[in-house]
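Okay, final29.csv is below, CSV, C-alpha atoms and all ligand atoms:
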```
chain,number,residue,atom,x,y,z
N,40,MET,CA,0.0,0.0,0.0
N,41,ILE,CA,2.8,2.4,0.9
N,42,ASN,CA,4.6,1.3,-2.2
N,43,ARG,CA,1.5,2.0,-4.2
N,44,VAL,CA,1.3,5.5,-2.8
N,45,PHE,CA,4.9,6.2,-3.7
N,46,GLY,CA,4.4,4.6,-7.1
N,47,ARG,CA,7.2,2.1,-6.7
N,48,ASP,CA,5.3,-1.1,-7.2
N,49,SER,CA,5.4,-2.9,-10.5
N,50,GLY,CA,2.0,-1.3,-11.3
N,51,SER,CA,3.4,2.2,-11.6
N,52,SER,CA,2.3,3.7,-14.9
N,53,LYS,CA,5.9,4.2,-16.0
N,54,ASP,CA,6.6,0.5,-15.8
N,55,ILE,CA,3.4,-0.3,-17.6
N,56,ALA,CA,4.4,2.2,-20.3
N,57,LYS,CA,7.8,0.7,-20.6
N,58,GLU,CA,6.5,-2.8,-20.9
N,59,ARG,CA,3.9,-1.9,-23.5
N,60,LEU,CA,6.5,0.0,-25.5
N,61,ARG,CA,8.9,-3.0,-25.4
N,62,LEU,CA,6.2,-5.3,-26.6
N,63,VAL,CA,4.9,-3.1,-29.4
N,64,LEU,CA,8.4,-2.5,-30.7
N,65,VAL,CA,9.1,-6.3,-30.9
N,66,HIS,CA,6.2,-6.4,-33.4
N,67,ASP,CA,7.0,-3.2,-35.2
N,68,ARG,CA,10.6,-4.0,-35.8
N,69,ALA,CA,9.7,-7.5,-37.0
N,70,ASN,CA,7.0,-6.2,-39.3
N,71,VAL,CA,8.8,-3.1,-40.6
N,72,SER,CA,11.2,-5.2,-42.7
N,73,PRO,CA,9.3,-8.0,-44.5
N,74,GLN,CA,12.7,-9.7,-45.1
N,75,PHE,CA,13.2,-10.1,-41.3
N,76,LEU,CA,11.3,-13.3,-40.8
N,77,GLU,CA,12.3,-14.6,-44.2
N,78,MET,CA,16.0,-14.1,-43.3
N,79,LEU,CA,15.5,-15.8,-39.9
N,80,LYS,CA,13.7,-18.7,-41.5
N,81,ASN,CA,16.5,-19.3,-44.0
N,82,GLU,CA,19.0,-19.2,-41.2
N,83,LEU,CA,16.9,-21.7,-39.2
N,84,ILE,CA,16.7,-24.0,-42.2
N,85,ARG,CA,20.4,-23.9,-42.6
N,86,VAL,CA,21.2,-24.8,-39.0
N,87,ILE,CA,18.5,-27.4,-38.5
N,88,SER,CA,19.3,-29.2,-41.8
N,89,GLU,CA,22.6,-30.2,-40.3
N,90,TYR,CA,20.7,-32.3,-37.8
N,91,MET,CA,17.6,-33.4,-39.7
N,92,GLU,CA,15.8,-33.3,-43.0
N,93,ILE,CA,12.9,-30.9,-42.8
N,94,ASP,CA,10.1,-29.9,-45.1
N,95,ASP,CA,11.1,-26.2,-45.5
N,96,ALA,CA,8.1,-25.5,-47.8
N,97,ALA,CA,5.7,-26.4,-45.0
N,98,MET,CA,7.7,-24.6,-42.4
N,99,ASP,CA,6.0,-21.8,-40.5
N,100,VAL,CA,7.8,-19.2,-38.4
N,101,ASN,CA,5.9,-16.4,-36.6
N,102,LEU,CA,5.8,-14.0,-33.7
N,103,THR,CA,2.8,-14.5,-31.5
N,104,SER,CA,1.9,-12.5,-28.5
N,105,ALA,CA,0.2,-13.4,-25.3
N,106,GLU,CA,-0.9,-11.0,-22.6
N,107,ASN,CA,2.6,-9.7,-21.8
N,108,SER,CA,5.1,-11.7,-23.7
N,109,VAL,CA,6.1,-12.2,-27.3
N,110,ALA,CA,7.2,-15.6,-28.5
N,111,LEU,CA,8.8,-16.8,-31.7
N,112,VAL,CA,6.8,-19.9,-32.7
N,113,ALA,CA,8.1,-22.2,-35.3
N,114,SER,CA,6.4,-25.2,-36.8
N,115,ILE,CA,9.0,-27.3,-38.7
N,116,PRO,CA,7.9,-30.6,-40.2
N,117,VAL,CA,10.7,-33.2,-39.9
N,118,ARG,CA,11.0,-35.7,-42.7
N,119,ARG,CA,13.9,-37.7,-41.4
N,120,MET,CA,16.5,-37.6,-38.7
N,121,LYS,CA,20.1,-37.8,-39.8
N,122,ARG,CA,21.9,-40.8,-38.5
N,123,SER,CA,24.8,-38.9,-37.1
N,124,VAL,CA,25.7,-35.3,-36.6
N,125,SER,CA,29.3,-36.0,-35.6
N,126,ALA,CA,30.4,-35.2,-39.1
N,127,ARG,CA,30.2,-31.6,-38.3
N,128,GLN,CA,32.3,-31.7,-35.1
I,60,MET,CA,30.2,23.6,-46.0
I,61,GLY,CA,27.8,23.9,-43.1
I,62,GLN,CA,25.9,21.1,-41.4
I,63,ALA,CA,22.4,20.2,-42.6
I,64,ILE,CA,20.3,18.8,-39.7
I,65,VAL,CA,16.7,17.7,-40.0
I,66,VAL,CA,14.4,17.8,-36.9
I,67,THR,CA,11.9,15.0,-37.2
I,68,SER,CA,9.7,12.8,-35.1
I,69,GLY,CA,7.1,10.7,-36.8
I,70,LYS,CA,4.3,11.6,-34.4
I,71,GLY,CA,2.9,15.1,-34.7
I,72,GLY,CA,2.9,17.8,-32.1
I,73,VAL,CA,5.8,16.6,-30.1
I,74,GLY,CA,7.8,19.8,-30.5
I,75,LYS,CA,9.7,19.7,-33.8
I,76,THR,CA,8.9,23.3,-34.7
I,77,THR,CA,9.6,24.5,-31.2
I,78,THR,CA,12.9,22.7,-31.2
I,79,THR,CA,13.9,24.1,-34.6
I,80,ALA,CA,13.2,27.7,-33.6
I,81,ASN,CA,15.0,27.4,-30.3
I,82,LEU,CA,18.0,25.6,-31.6
I,83,GLY,CA,18.4,27.9,-34.5
I,84,THR,CA,18.1,31.0,-32.3
I,85,ALA,CA,20.5,29.6,-29.7
I,86,LEU,CA,23.1,28.7,-32.4
I,87,ALA,CA,22.9,32.2,-33.8
I,88,MET,CA,23.2,33.7,-30.3
I,89,ALA,CA,26.3,31.7,-29.9
I,90,GLY,CA,27.8,33.1,-33.1
I,91,SER,CA,26.9,30.6,-35.8
I,92,LYS,CA,25.4,31.5,-39.2
I,93,VAL,CA,22.1,29.7,-39.3
I,94,VAL,CA,19.2,29.2,-41.7
I,95,LEU,CA,16.0,27.6,-40.6
I,96,MET,CA,14.1,25.8,-43.3
I,97,ASP,CA,10.4,25.1,-42.9
I,98,ALA,CA,9.7,21.9,-44.8
I,99,ASP,CA,6.2,21.5,-43.5
I,100,ILE,CA,4.7,22.6,-46.8
I,101,GLY,CA,1.0,23.5,-46.6
I,102,LEU,CA,1.1,23.8,-42.8
I,103,ARG,CA,3.7,26.5,-42.1
I,104,ASN,CA,4.3,27.3,-38.5
I,105,LEU,CA,7.9,28.1,-38.0
I,106,ASP,CA,7.4,31.7,-39.1
I,107,VAL,CA,4.9,32.2,-36.4
I,108,VAL,CA,7.0,30.6,-33.7
I,109,MET,CA,9.9,32.8,-34.8
I,110,GLY,CA,7.6,35.9,-34.9
I,111,LEU,CA,8.4,36.5,-38.5
I,112,GLU,CA,5.0,35.8,-40.1
I,113,ASN,CA,4.5,39.4,-41.3
I,114,ARG,CA,7.7,39.6,-43.3
I,115,ILE,CA,7.1,36.7,-45.7
I,116,VAL,CA,7.0,37.6,-49.4
I,117,TYR,CA,8.3,34.5,-51.1
I,118,ASP,CA,8.5,30.9,-49.9
I,119,LEU,CA,10.4,27.7,-50.5
I,120,VAL,CA,8.1,26.6,-53.3
I,121,ASP,CA,8.5,29.9,-55.1
I,122,VAL,CA,12.3,29.3,-55.1
I,123,VAL,CA,11.9,25.8,-56.4
I,124,GLU,CA,9.5,26.8,-59.1
I,125,GLY,CA,11.8,29.7,-60.1
I,126,TYR,CA,9.5,32.6,-59.2
I,127,CYS,CA,12.3,34.2,-57.2
I,128,ARG,CA,15.9,33.7,-56.2
I,129,LEU,CA,16.8,31.9,-53.0
I,130,LYS,CA,18.2,35.2,-51.5
I,131,GLN,CA,14.9,36.9,-52.0
I,132,ALA,CA,13.0,34.3,-50.1
I,133,LEU,CA,15.3,34.3,-47.1
I,134,ILE,CA,13.9,36.3,-44.2
I,135,LYS,CA,16.3,37.9,-41.8
I,136,ASP,CA,15.5,37.4,-38.1
I,137,LYS,CA,14.5,40.4,-36.0
I,138,ARG,CA,17.1,39.8,-33.3
I,139,PHE,CA,20.1,38.2,-34.9
I,140,GLU,CA,22.0,39.3,-38.0
I,141,SER,CA,23.2,35.8,-38.7
I,142,LEU,CA,19.8,34.0,-38.5
I,143,TYR,CA,17.5,33.5,-41.4
I,144,LEU,CA,14.3,31.7,-42.2
I,145,LEU,CA,13.2,30.0,-45.4
I,146,PRO,CA,9.4,29.8,-45.0
I,147,ALA,CA,7.2,27.0,-46.3
I,148,ALA,CA,4.4,27.6,-48.7
I,149,GLN,CA,1.1,27.8,-47.0
I,150,THR,CA,-1.2,27.2,-50.0
I,151,LYS,CA,0.6,24.4,-51.9
I,152,ASP,CA,1.0,20.8,-50.7
I,153,LYS,CA,3.9,18.5,-50.2
I,154,THR,CA,3.9,17.2,-53.8
I,155,ALA,CA,4.9,20.7,-55.0
I,156,VAL,CA,8.5,19.8,-54.2
I,157,SER,CA,10.6,16.7,-54.8
I,158,PRO,CA,13.4,15.2,-52.7
I,159,ASP,CA,15.9,16.1,-55.4
I,160,GLN,CA,14.8,19.7,-55.4
I,161,MET,CA,15.0,19.8,-51.6
I,162,LYS,CA,18.5,18.3,-51.7
I,163,ALA,CA,19.7,20.9,-54.2
I,164,LEU,CA,18.2,23.7,-52.1
I,165,VAL,CA,19.8,22.5,-48.9
I,166,GLU,CA,23.2,22.1,-50.6
I,167,GLU,CA,23.0,25.6,-51.8
I,168,LEU,CA,22.2,26.9,-48.3
I,169,ALA,CA,25.0,24.8,-46.7
I,170,LYS,CA,27.5,26.8,-48.8
I,171,GLU,CA,26.5,30.0,-47.1
I,172,PHE,CA,25.5,28.9,-43.6
I,173,ASP,CA,27.2,27.0,-40.7
I,174,PHE,CA,23.9,25.3,-39.9
I,175,VAL,CA,20.9,24.5,-42.0
I,176,ILE,CA,18.1,23.3,-39.7
I,177,ILE,CA,15.2,21.7,-41.4
I,178,ASP,CA,11.8,21.5,-39.6
I,179,SER,CA,10.1,18.3,-40.8
I,180,PRO,CA,6.4,17.7,-41.0
I,181,ALA,CA,4.9,14.8,-39.0
I,182,GLY,CA,4.4,11.5,-40.7
I,183,ILE,CA,6.5,9.2,-42.9
I,184,GLU,CA,5.2,10.2,-46.3
I,185,GLN,CA,6.4,12.5,-49.0
I,186,GLY,CA,6.8,15.5,-46.7
I,187,PHE,CA,9.2,13.5,-44.4
I,188,LYS,CA,11.1,12.2,-47.4
I,189,ASN,CA,11.5,15.8,-48.7
I,190,ALA,CA,12.7,17.0,-45.3
I,191,ILE,CA,15.4,14.4,-44.9
I,192,ALA,CA,16.5,14.5,-48.5
I,193,GLY,CA,19.3,17.1,-48.1
I,194,ALA,CA,20.1,16.4,-44.5
I,195,GLU,CA,23.3,14.7,-43.4
I,196,LYS,CA,22.2,14.4,-39.7
I,197,ALA,CA,18.9,13.9,-38.0
I,198,VAL,CA,17.6,15.0,-34.6
I,199,ILE,CA,14.6,13.0,-33.5
I,200,VAL,CA,12.2,14.6,-31.1
I,201,THR,CA,10.0,12.5,-28.8
I,202,THR,CA,7.9,13.0,-25.7
I,203,PRO,CA,7.9,10.5,-22.9
I,204,GLU,CA,4.9,8.6,-24.2
I,205,VAL,CA,4.5,5.2,-25.6
I,206,SER,CA,3.0,6.4,-28.9
I,207,ALA,CA,5.7,9.0,-29.5
I,208,VAL,CA,8.6,6.7,-28.7
I,209,ARG,CA,7.1,4.0,-30.9
I,210,ASP,CA,6.9,6.4,-33.8
I,211,ALA,CA,10.5,7.6,-33.1
I,212,ASP,CA,11.6,4.0,-33.4
I,213,ARG,CA,9.9,3.8,-36.8
I,214,ILE,CA,11.7,6.9,-37.9
I,215,ILE,CA,15.0,5.6,-36.8
I,216,GLY,CA,14.4,2.5,-38.9
I,217,LEU,CA,13.6,4.7,-41.9
I,218,LEU,CA,16.6,6.9,-41.5
I,219,GLU,CA,18.8,3.8,-41.3
I,220,ALA,CA,17.2,2.5,-44.5
I,221,ALA,CA,18.0,5.9,-46.1
I,222,GLN,CA,21.6,5.3,-45.0
I,223,MET,CA,21.8,8.4,-42.9
I,224,ALA,CA,24.2,8.8,-40.0
I,225,PRO,CA,22.8,7.4,-36.7
I,226,PRO,CA,20.3,10.1,-35.4
I,227,MET,CA,20.3,11.8,-32.0
I,228,LEU,CA,17.4,12.0,-29.7
I,229,ILE,CA,15.8,15.0,-27.9
I,230,ILE,CA,13.3,14.1,-25.2
I,231,ASN,CA,10.9,16.9,-24.9
I,232,ARG,CA,8.3,17.8,-22.3
I,233,ILE,CA,9.8,15.8,-19.5
I,234,ARG,CA,8.0,16.4,-16.2
I,235,PRO,CA,10.5,15.7,-13.5
I,236,LYS,CA,7.9,15.4,-10.8
I,237,MET,CA,6.0,12.7,-12.6
I,238,VAL,CA,9.2,10.9,-13.4
I,239,LYS,CA,10.1,10.9,-9.7
I,240,GLN,CA,6.6,9.6,-8.9
I,241,GLY,CA,7.1,6.7,-11.3
I,242,ASP,CA,4.4,8.0,-13.6
I,243,MET,CA,6.5,9.0,-16.6
I,244,MET,CA,9.2,7.1,-18.5
I,245,ASP,CA,12.6,8.4,-17.6
I,246,ILE,CA,15.5,9.2,-19.9
I,247,SER,CA,17.4,5.9,-19.6
I,248,ASP,CA,14.2,3.9,-20.3
I,249,MET,CA,13.8,5.6,-23.6
I,250,ILE,CA,17.5,5.6,-24.6
I,251,ASP,CA,17.7,1.9,-23.8
I,252,ILE,CA,14.7,0.9,-25.8
I,253,LEU,CA,15.6,3.0,-28.8
I,254,ALA,CA,19.4,2.3,-28.6
I,255,ILE,CA,20.2,5.9,-29.7
I,256,ASP,CA,22.4,8.7,-28.5
I,257,LEU,CA,20.9,11.4,-26.4
I,258,LEU,CA,21.3,15.0,-27.5
I,259,GLY,CA,19.3,16.6,-24.8
I,260,VAL,CA,16.3,16.7,-22.6
I,261,VAL,CA,13.8,19.6,-22.5
I,262,PRO,CA,11.4,20.0,-19.6
I,263,ASP,CA,7.7,20.6,-20.1
I,264,ASP,CA,7.6,24.3,-19.5
I,265,GLU,CA,5.0,27.1,-19.4
I,266,SER,CA,7.6,29.5,-20.7
I,267,ILE,CA,7.3,27.7,-24.1
I,268,VAL,CA,3.7,28.7,-24.3
I,269,VAL,CA,4.4,32.3,-23.4
I,270,SER,CA,7.3,32.5,-25.8
I,271,THR,CA,5.2,31.0,-28.6
I,272,ASN,CA,2.5,33.5,-27.9
I,273,ARG,CA,5.0,36.3,-28.3
I,274,GLY,CA,6.9,34.9,-31.2
I,275,GLU,CA,10.1,35.0,-29.2
I,276,PRO,CA,11.9,31.6,-28.8
I,277,ALA,CA,12.4,30.6,-25.2
I,278,VAL,CA,16.2,30.6,-25.5
I,279,LEU,CA,16.0,34.4,-25.5
I,280,SER,CA,14.7,34.3,-21.9
I,281,PRO,CA,17.5,33.7,-19.4
I,282,SER,CA,15.1,32.4,-16.8
I,283,SER,CA,13.4,29.8,-19.0
I,284,LYS,CA,14.3,26.2,-18.0
I,285,ALA,CA,13.4,24.9,-21.5
I,286,GLY,CA,15.4,27.8,-23.0
I,287,GLU,CA,18.4,26.8,-20.9
I,288,ALA,CA,18.0,23.2,-22.1
I,289,TYR,CA,17.9,24.3,-25.7
I,290,ARG,CA,20.9,26.5,-25.3
I,291,ASN,CA,22.8,23.5,-23.9
I,292,ILE,CA,21.8,21.4,-26.9
I,293,ALA,CA,22.9,24.1,-29.3
I,294,ARG,CA,26.3,24.1,-27.6
I,295,ARG,CA,26.5,20.3,-28.0
I,296,LEU,CA,25.8,20.7,-31.7
I,297,GLN,CA,28.6,23.2,-31.9
I,298,GLY,CA,30.9,20.5,-30.5
I,299,GLU,CA,31.0,21.4,-26.9
I,300,ASP,CA,30.7,18.8,-24.2
I,301,VAL,CA,27.9,20.1,-22.0
I,302,PRO,CA,26.5,17.9,-19.2
I,303,LEU,CA,22.8,17.3,-18.8
I,304,MET,CA,21.2,19.9,-16.6
I,305,SER,CA,19.5,18.9,-13.4
I,306,LEU,CA,15.7,18.9,-14.0
I,307,ASP,CA,14.8,18.5,-10.4
I,308,SER,CA,11.5,20.3,-10.2
I,309,ASP,CA,11.8,21.2,-6.6
I,310,ASP,CA,12.7,24.9,-6.5
I,311,GLY,CA,13.7,24.4,-2.9
I,312,PHE,CA,16.1,26.5,-1.1
I,313,PHE,CA,19.2,24.4,-1.9
I,314,SER,CA,18.7,24.2,-5.6
I,315,LYS,CA,18.0,27.9,-5.8
I,316,LEU,CA,21.1,28.6,-3.7
I,317,LYS,CA,23.2,26.3,-5.9
I,318,ARG,CA,22.0,28.1,-9.0
I,319,ILE,CA,22.7,31.5,-7.7
I,320,MET,CA,26.1,30.4,-6.7
I,321,GLY,CA,26.6,28.9,-10.1
I,322,LEU,CA,27.0,25.4,-8.8
I,323,GLY,CA,23.9,24.0,-10.3
I,324,ALA,CA,24.4,21.5,-13.1
I,325,LYS,CA,24.1,23.4,-16.3
L,1,LIG,N1,8.8,21.8,-23.7
L,1,LIG,C1,7.6,22.2,-23.9
L,1,LIG,N2,6.8,22.7,-22.9
L,1,LIG,C2,5.6,23.1,-23.1
L,1,LIG,N3,4.9,23.1,-24.3
L,1,LIG,C3,5.6,22.6,-25.3
L,1,LIG,C4,7.0,22.2,-25.2
L,1,LIG,N4,7.4,21.8,-26.5
L,1,LIG,C5,6.3,22.0,-27.3
L,1,LIG,N5,5.3,22.5,-26.7
L,1,LIG,C6,4.0,22.9,-27.2
L,1,LIG,O1,3.4,21.8,-27.9
L,1,LIG,C7,2.8,22.2,-29.1
L,1,LIG,C8,3.3,21.5,-30.3
L,1,LIG,O2,4.6,21.9,-30.5
L,1,LIG,P1,5.3,22.0,-32.0
L,1,LIG,O3,4.4,22.8,-32.9
L,1,LIG,O4,6.7,22.5,-31.8
L,1,LIG,O5,5.2,20.5,-32.4
L,1,LIG,P2,5.5,19.9,-33.8
L,1,LIG,O6,6.2,18.6,-33.6
L,1,LIG,O7,6.2,20.9,-34.7
L,1,LIG,O8,4.0,19.7,-34.4
L,1,LIG,P3,3.6,19.3,-35.9
L,1,LIG,O9,3.8,17.8,-36.0
L,1,LIG,O10,2.2,19.7,-36.0
L,1,LIG,O11,4.5,20.1,-36.8
L,1,LIG,C9,2.9,23.7,-29.2
L,1,LIG,O12,1.7,24.2,-28.6
L,1,LIG,C10,4.1,24.0,-28.3
L,1,LIG,O13,4.0,25.3,-27.7
L,2,MG,MG,5.7,21.6,-36.7
```

Before we go any further, please render this structure as structure tokens.
Ligand SMILES: Nc1ncnc2c1ncn2[C@@H]1O[C@H](COP(=O)(O)OP(=O)(O)OP(=O)(O)O)[C@@H](O)[C@H]1O
Ligand SMILES: [Mg+2]
Amino acid sequence: MINRVFGRDSGSSKDIAKERLRLVLVHDRANVSPQFLEMLKNELIRVISEYMEIDDAAMDVNLTSAENSVALVASIPVRRMKRSVSARQ
Amino acid sequence: MGQAIVVTSGKGGVGKTTTTANLGTALAMAGSKVVLMDADIGLRNLDVVMGLENRIVYDLVDVVEGYCRLKQALIKDKRFESLYLLPAAQTKDKTAVSPDQMKALVEELAKEFDFVIIDSPAGIEQGFKNAIAGAEKAVIVTTPEVSAVRDADRIIGLLEAAQMAPPMLIINRIRPKMVKQGDMMDISDMIDILAIDLLGVVPDDESIVVSTNRGEPAVLSPSSKAGEAYRNIARRLQGEDVPLMSLDSDDGFFSKLKRIMGLGAK
């Protein structure tokens, strides 16, 4: 209660503003450049392909937001696992 | 060659025109040769804030369209010999000028002046593109609000895409009391989120309203806090290293005493 009066609890409007700003900018920055997710997707394909064979045409990578968090959600259909990854090491 | 600096924001009404007028006046006060260019075509305001609205004969569009020479359209400031205004047209719209024409105009002005300060319109459309076309540096103005900072972020991205040098930020209308209460984002919050260099912080100040009413930029008033902030920013643009001034709102005995004794952070 005292914290509330002095505006130091996490509910102070400054913290709310900061948090909302952070979340909105995650989306803005990802959407501003249409290549952003495309580039990320290609990088993912490159890395994951070292471990397994994936169906990159059916792959889906997106930012989703819940109440107060943003998540990168990827759905990547796996065709086949590689027998060994040791070749890379 | 002088420096061409565009003052821009994305969001409207955050203080671009106020900033342009005060920085220009402060730079001229400190001895620089300055021209202020109103790039807000169709909504000219800078002339009024500078108190020069009665002296306009020709405007920027007249120059571009060849109705007059550049020299004829430049209006000399009332107070400073080395300060000029190139007014925007009030009756035309933004499409009357192209980015290439703006660039040529700014280049011509930069030959004559130490600083060409360009007041950008709000938005990210053609008016914005015109305003940044000839500028080598950008100053972004924001207020401590989510929407204004968000738009500033968008502008930073667009300037990056236009391959301009990294812009600098002015945070306008800070209210120290509210920051202290935790009800306004503070300076470091905004700098962190935007990942940008800070050029200065200007308090929310009634003296801005008074000075705008009079057509006399606040930097002319020695007692104006906002004026002091703008004078400091001007010195930074001139290459001086000036610390941020203390914005503590309490005009208590100690801060007054410190100021009188010249010990206050300035
Ligand atoms: N530091 C301040 N303290 C108090 N009032 C301010 C301050 N800065 C700006 N204002 C006021 O805010 C209003 C908008 O300012 P200004 O016209 O400079 O904004 P702008 O960004 O140029 O707007 P636009 O996007 O319409 O061109 C004006 O009434 C001005 O007097
Ligand atoms: Mg304006």

Practice item. Give as number ranges by chain the residues surrounding ligand MG 2 (chain L) up to a distance of 9 Å, considering only C-alpha atoms and all ligand atoms. Key: I: 71-77, 79, 97, 99, 102-105, 178-181

Practice item. Point out the residue among I:Ser206, I:Ser305, I:Ser270, I:Ser283 with the least atom-to-atom distance to chain N, counting all atoms listed in the file. Key: I:Ser206

Where does chain I meet chain N within 12 Å, residue by residue, with the nearest atom pair and distance in Å to one decimal for each, counting all atoms listed in the file, listed by chain and rising number, as a tab-separated table?
```
residue	atom	partner	partner_atom	distance
I:Pro203	CA	N:Ala56	CA	9.4
I:Glu204	CA	N:Ala56	CA	7.5
I:Val205	CA	N:Leu60	CA	5.6
I:Ser206	CA	N:Leu60	CA	8.0
I:Ala207	CA	N:Leu60	CA	9.9
I:Val208	CA	N:Leu60	CA	7.7
I:Arg209	CA	N:Leu64	CA	6.6
I:Asp210	CA	N:Leu64	CA	9.5
I:Ala211	CA	N:Leu64	CA	10.6
I:Asp212	CA	N:Leu64	CA	7.7
I:Arg213	CA	N:Asp67	CA	7.7
I:Ile214	CA	N:Val71	CA	10.8
I:Ile215	CA	N:Arg68	CA	10.6
I:Gly216	CA	N:Val71	CA	8.1
I:Leu217	CA	N:Val71	CA	9.3
I:Glu219	CA	N:Ser72	CA	11.9
I:Ala220	CA	N:Ser72	CA	9.9
I:Lys236	CA	N:Gly46	CA	11.9
I:Met237	CA	N:Lys53	CA	9.2
I:Val238	CA	N:Lys53	CA	7.9
I:Lys239	CA	N:Gly46	CA	8.9
I:Gln240	CA	N:Gly46	CA	5.8
I:Gly241	CA	N:Gly46	CA	5.4
I:Asp242	CA	N:Lys53	CA	4.7
I:Met243	CA	N:Lys53	CA	4.9
I:Met244	CA	N:Lys53	CA	5.1
I:Asp245	CA	N:Lys53	CA	8.1
I:Ile246	CA	N:Lys57	CA	11.5
I:Ser247	CA	N:Lys57	CA	11.0
I:Asp248	CA	N:Lys57	CA	7.2
I:Met249	CA	N:Lys57	CA	8.3
I:Ile250	CA	N:Lys57	CA	11.6
I:Asp251	CA	N:Arg61	CA	10.2
I:Ile252	CA	N:Arg61	CA	7.0
I:Leu253	CA	N:Leu64	CA	9.3
```

Counting all atoms listed in the file, what is within 8 Å of Lys92 (chain I), bar same-chain residues fewer than 6 positions away, as an mmCIF file with C-alpha atoms, in the frame of the given file?
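The resulting file, result_38.cif, is shown below:
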```
data_model
loop_
_atom_site.group_PDB
_atom_site.id
_atom_site.type_symbol
_atom_site.label_atom_id
_atom_site.label_comp_id
_atom_site.auth_asym_id
_atom_site.auth_seq_id
_atom_site.Cartn_x
_atom_site.Cartn_y
_atom_site.Cartn_z
ATOM 1 C CA LEU I 86 23.100 28.700 -32.400
ATOM 2 C CA SER I 141 23.200 35.800 -38.700
ATOM 3 C CA LEU I 142 19.800 34.000 -38.500
ATOM 4 C CA PHE I 172 25.500 28.900 -43.600
ATOM 5 C CA ASP I 173 27.200 27.000 -40.700
ATOM 6 C CA PHE I 174 23.900 25.300 -39.900
#
```

Practice item. Show which residues sit within 10 Å of Met227 (chain I), as a list in words. Count only C-alpha atoms, and ignore same-chain residues fewer than 3 positions away. Key: Val66, Lys196, Ala197, Val198, Ile199, Val200, Ile215, Ala224, Ile255, Asp256, Leu257, Leu258 and Gly259 of chain I

Practice item. Dig up all the protein and nucleic acid residues within 8 Å of (9.2, -17.4, -31.3) in the file frame, using all atoms listed in the file, and format them as a PyMOL selection string. Key: chain N and resi 100-103+109-113

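Candidate residues N:Glu92, N:Lys80, N:Arg85, N:Met98 were compared for distance to Ile115 (chain N), and the nearest is N:Met98, using all atoms listed in the file.
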
Review point. Of the candidates I:Met109, I:Leu145, I:Cys127, I:Met60, which shows the shortest atom-to-atom distance to ligand LIG 1 (chain L), using only C-alpha atoms and all ligand atoms?
Key: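 Among the listed residues, the smallest separation from ligand LIG 1 (chain L) belongs to I:Met109.
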
**Study point:** Selection: 10 Å around Asp94 (chain N), all atoms listed in the file, excl. self and same-chain fewer than 3 positions, as a ChimeraX atom specification
**Key:** /N:84,88,91,97-98,115-119

Check your understanding: Pick from I:Glu275, I:Glu166, I:Glu287, I:Asp263: nearest to ligand LIG 1 (chain L), with all atoms listed in the file counted?
Key -> I:Asp263

Review point. Between I:Ala293, I:Ala285, I:Leu228, I:Val107, which one has atoms that come closest to ligand LIG 1 (chain L), using all atoms listed in the file?
Key: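 Of the candidates, the smallest distance to ligand LIG 1 (chain L) is held by I:Ala285.
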
Exercise for review: One decimal, Å: what's the distance from CA of Asp300 (chain I) over to CA of Ala85 (chain I), could you say?
Suggested key: 15.8 Å

Review point. Interatomic distance between CA of Thr271 (chain I) and CA of Glu184 (chain I)?
Key: 27.3 Å

Please determine an axis-aligned box that encloses all atoms of region 287-290 of chain I listed in the file, with 4 Å added on each side, and express its centre and edge lengths in Å to one decimal as JSON.
```
{"center_x": 19.4, "center_y": 25.0, "center_z": -23.3, "size_x": 11.0, "size_y": 11.6, "size_z": 12.8}
```

Exercise for review: Counting all atoms listed in the file, figure out which residue out of I:Phe139, I:Leu144, I:Asn231, I:Glu167 gets nearest to Arg114 (chain I).
Suggested key: I:Leu144
